[in-house]
file query-v4.txt (compact mmCIF, C-alpha atoms)
# COMPACT_ATOMS: atom_id res chain seq x y z
CA MET A 16 -0.23 0.26 -2.19
CA HIS A 17 0.86 -3.19 -1.03
CA ILE A 18 2.41 -3.39 2.43
CA VAL A 19 3.76 -6.39 4.33
CA LEU A 20 3.83 -6.14 8.12
CA ASP A 21 6.88 -7.75 9.69
CA GLU A 22 6.59 -9.12 13.23
CA THR A 23 7.82 -5.86 14.79
CA ALA A 24 5.11 -3.89 12.98
CA MET A 25 2.49 -6.41 14.11
CA ALA A 26 3.60 -6.14 17.73
CA ALA A 27 3.63 -2.34 17.42
CA ALA A 28 0.07 -2.39 16.09
CA GLY A 29 -0.96 -4.40 19.14
CA GLN A 30 0.64 -1.76 21.36
CA GLY A 31 -1.21 1.12 19.72
CA ASN A 32 1.45 2.43 17.31
CA ILE A 33 -0.36 5.25 15.49
CA LEU A 34 1.38 4.69 12.15
CA ALA A 35 0.55 0.97 12.17
CA SER A 36 -3.03 1.83 13.10
CA ARG A 37 -3.26 4.22 10.15
CA LEU A 38 -2.06 1.51 7.78
CA ILE A 39 -4.68 -0.88 9.11
CA HIS A 40 -7.39 1.75 8.74
CA ARG A 41 -6.36 2.56 5.16
CA ALA A 42 -6.27 -1.10 4.16
CA HIS A 43 -9.80 -1.47 5.47
CA ALA A 44 -11.27 1.82 4.22
CA GLU A 45 -9.44 2.85 1.05
CA VAL A 46 -9.46 1.25 -2.37
CA GLY A 47 -6.02 0.21 -3.57
CA TRP A 48 -4.48 -0.29 -0.11
CA PHE A 49 -3.53 -3.86 0.79
CA LEU A 50 -1.96 -5.04 4.03
CA TYR A 51 -0.42 -8.49 4.41
CA ALA A 52 0.53 -10.49 7.49
CA PRO A 53 2.88 -13.39 6.65
CA SER A 54 1.93 -16.30 8.90
CA CYS A 55 5.50 -16.90 10.12
CA ALA A 56 5.79 -13.26 11.18
CA LEU A 57 2.36 -13.51 12.81
CA VAL A 58 3.61 -16.39 14.97
CA GLU A 59 6.67 -14.41 16.08
CA ALA A 60 4.57 -11.34 16.84
CA ASP A 61 2.25 -13.47 18.97
CA ARG A 62 5.21 -14.95 20.85
CA ALA A 63 6.47 -11.45 21.63
CA ARG A 64 3.02 -10.15 22.53
CA PRO A 65 0.42 -12.89 23.17
CA GLY A 66 -2.94 -12.18 21.57
CA THR A 67 -1.47 -10.28 18.62
CA ALA A 68 -2.23 -13.04 16.12
CA GLU A 69 -5.91 -13.29 17.03
CA HIS A 70 -6.28 -9.52 17.04
CA LEU A 71 -4.67 -8.97 13.62
CA ALA A 72 -6.30 -11.98 11.98
CA ALA A 73 -9.71 -10.65 13.00
CA LEU A 74 -9.21 -7.29 11.30
CA PRO A 75 -10.96 -7.02 7.92
CA GLY A 76 -8.21 -5.03 6.19
CA ILE A 77 -5.43 -7.58 6.72
CA THR A 78 -4.75 -10.60 4.55
CA VAL A 79 -2.90 -13.41 6.32
CA LEU A 80 -0.45 -15.07 3.93
CA ASN A 81 -0.09 -18.82 4.26
CA LEU A 82 3.19 -20.65 4.15
CA ASP A 83 2.80 -22.13 0.68
CA LEU A 84 5.49 -24.15 -1.09
CA SER A 85 7.38 -21.19 -2.59
CA ALA A 86 7.34 -19.39 0.77
CA ALA A 87 8.47 -22.55 2.59
CA LEU A 88 11.41 -22.93 0.21
CA ALA A 89 12.38 -19.27 0.76
CA VAL A 90 12.05 -19.62 4.54
CA ALA A 91 14.13 -22.81 4.59
CA ARG A 92 17.16 -20.91 3.24
CA GLU A 93 17.15 -18.27 5.99
CA GLU A 94 17.84 -18.21 9.72
CA THR A 95 14.65 -16.55 10.90
CA TRP A 96 11.29 -17.63 9.61
CA ALA A 97 9.53 -14.33 10.32
CA ALA A 98 11.96 -12.14 8.37
CA ALA A 99 12.26 -14.69 5.56
CA HIS A 100 8.49 -14.97 5.10
CA SER A 101 8.11 -11.18 5.22
CA GLN A 102 10.86 -10.72 2.63
CA HIS A 103 9.34 -13.41 0.42
CA ALA A 104 5.92 -11.75 0.68
CA ALA A 105 7.40 -8.42 -0.42
CA GLN A 106 8.80 -9.83 -3.67
CA PRO A 107 6.97 -9.16 -6.96
CA THR A 108 4.17 -11.54 -7.93
CA PRO A 109 1.60 -11.49 -10.73
CA GLU A 110 -0.84 -9.82 -8.28
CA ARG A 111 1.83 -7.38 -7.05
CA PRO A 112 4.15 -6.74 -10.02
CA ASP A 113 6.01 -4.01 -8.12
CA GLY A 114 6.24 -6.10 -4.96
CA ALA A 115 5.32 -4.73 -1.57
CA ILE A 116 6.84 -2.48 1.04
CA VAL A 117 7.87 -3.99 4.38
CA ALA A 118 6.51 -2.01 7.34
CA THR A 119 8.72 -2.33 10.41
CA THR A 120 9.80 -0.67 13.63
CA VAL A 121 13.37 -1.92 13.11
CA PRO A 122 14.37 -0.58 9.67
CA ALA A 123 18.08 -1.30 10.24
CA ARG A 124 17.27 -5.01 10.20
CA TRP A 125 16.37 -4.73 6.51
CA GLU A 126 19.54 -2.91 5.40
CA GLY A 127 21.13 -4.73 2.50
CA GLU A 128 18.00 -6.77 1.79
CA PRO A 129 16.18 -6.45 -1.55
CA VAL A 130 13.06 -4.82 -0.09
CA ARG A 131 11.63 -1.34 0.27
CA VAL A 132 11.03 -0.34 3.90
CA LEU A 133 8.46 1.80 5.67
CA ASP A 134 9.68 2.90 9.11
CA LEU A 135 6.80 2.92 11.61
CA ASN A 136 8.72 4.79 14.28
CA PRO A 137 7.24 8.20 15.07

call {"tool": "encode", "arguments": {"input": "query-v4.txt", "output": "structure tokens"}}
result
Amino acid sequence: MHIVLDETAMAAAGQGNILASRLIHRAHAEVGWFLYAPSCALVEADRARPGTAEHLAALPGITVLNLDLSAALAVAREETWAAAHSQHAAQPTPERPDGAIVATTVPARWEGEPVRVLDLNP
């Protein structure tokens, strides 16, 4: 299972959201679970809740995704860097042929976008 945390999911994890915590635990403890933090979303999460970036980057089950050239080109076409980098990270790649699911606390934000969504609201 490949899951991308958007900035709302990252902020929720920092506030003790139980569903986000379970994802983090699974990515660390279970084979086949992968959790990704796009760097642009990490910046936005840290702006909303200072300390979030350091906390998430220190967790062993989370892979921080850099803003490489293909991500930068995708981000440049959109209004918000965080959502654009998260959406780009969720697209299929050779490592993730089925793409990834975007975990969020604001699922309505992703309506009409070409991504699968995991609602982290209880």

call {"tool": "residues_around", "arguments": {"input": "query-v4.txt", "residues": "Arg64 of chain A", "least_positions_apart": "2", "cutoff": "12 Å", "atoms": "only C-alpha atoms", "output": "PyMOL selection string"}}
result
chain A and resi 22-30+57-62+66-71

call {"tool": "closest_residue", "arguments": {"input": "query-v4.txt", "among": "A:Leu34, A:Ala123, A:Ala86, A:Ala42", "to": "His17 of chain A", "atoms": "all atoms listed in the file"}}
result
A:Ala42

call {"tool": "atom_distance", "arguments": {"input": "query-v4.txt", "atom1": "atom CA of Gly114 of chain A", "atom2": "atom CA of Leu38 of chain A"}}
result
17.0 Å

call {"tool": "closest_residue", "arguments": {"input": "query-v4.txt", "among": "A:Ala97, A:Ala52, A:Arg111, A:His103", "to": "Ser85 of chain A", "atoms": "only C-alpha atoms"}}
result
A:His103

call {"tool": "atom_distance", "arguments": {"input": "query-v4.txt", "atom1": "atom CA of Trp96 of chain A", "atom2": "atom CA of Ser54 of chain A"}}
result
9.5 Å

call {"tool": "atom_distance", "arguments": {"input": "query-v4.txt", "atom1": "atom CA of Ile39 of chain A", "atom2": "atom CA of Leu84 of chain A"}}
result
27.4 Å

call {"tool": "residues_near_point", "arguments": {"input": "query-v4.txt", "point": "(7.1, -5.6, -5.9)", "cutoff": "12 Å", "atoms": "all atoms listed in the file", "output": "PyMOL selection string"}}
result
chain A and resi 16-19+102-117+129-132

call {"tool": "closest_residue", "arguments": {"input": "query-v4.txt", "among": "A:Leu88, A:Asp21, A:His43, A:Phe49", "to": "Ala73 of chain A", "atoms": "all atoms listed in the file"}}
result
A:His43

call {"tool": "axis_aligned_box", "arguments": {"input": "query-v4.txt", "around": "segment 33-41 of chain A", "padding_each_side": "8 Å", "output": "AutoDock Vina command-line options"}}
result
--center_x -3.0 --center_y 2.2 --center_z 10.3 --size_x 24.8 --size_y 22.1 --size_z 26.3

call {"tool": "closest_residue", "arguments": {"input": "query-v4.txt", "among": "A:Leu50, A:Leu82, A:Ala72, A:Ala35", "to": "Pro137 of chain A", "atoms": "all atoms listed in the file"}}
result
A:Ala35
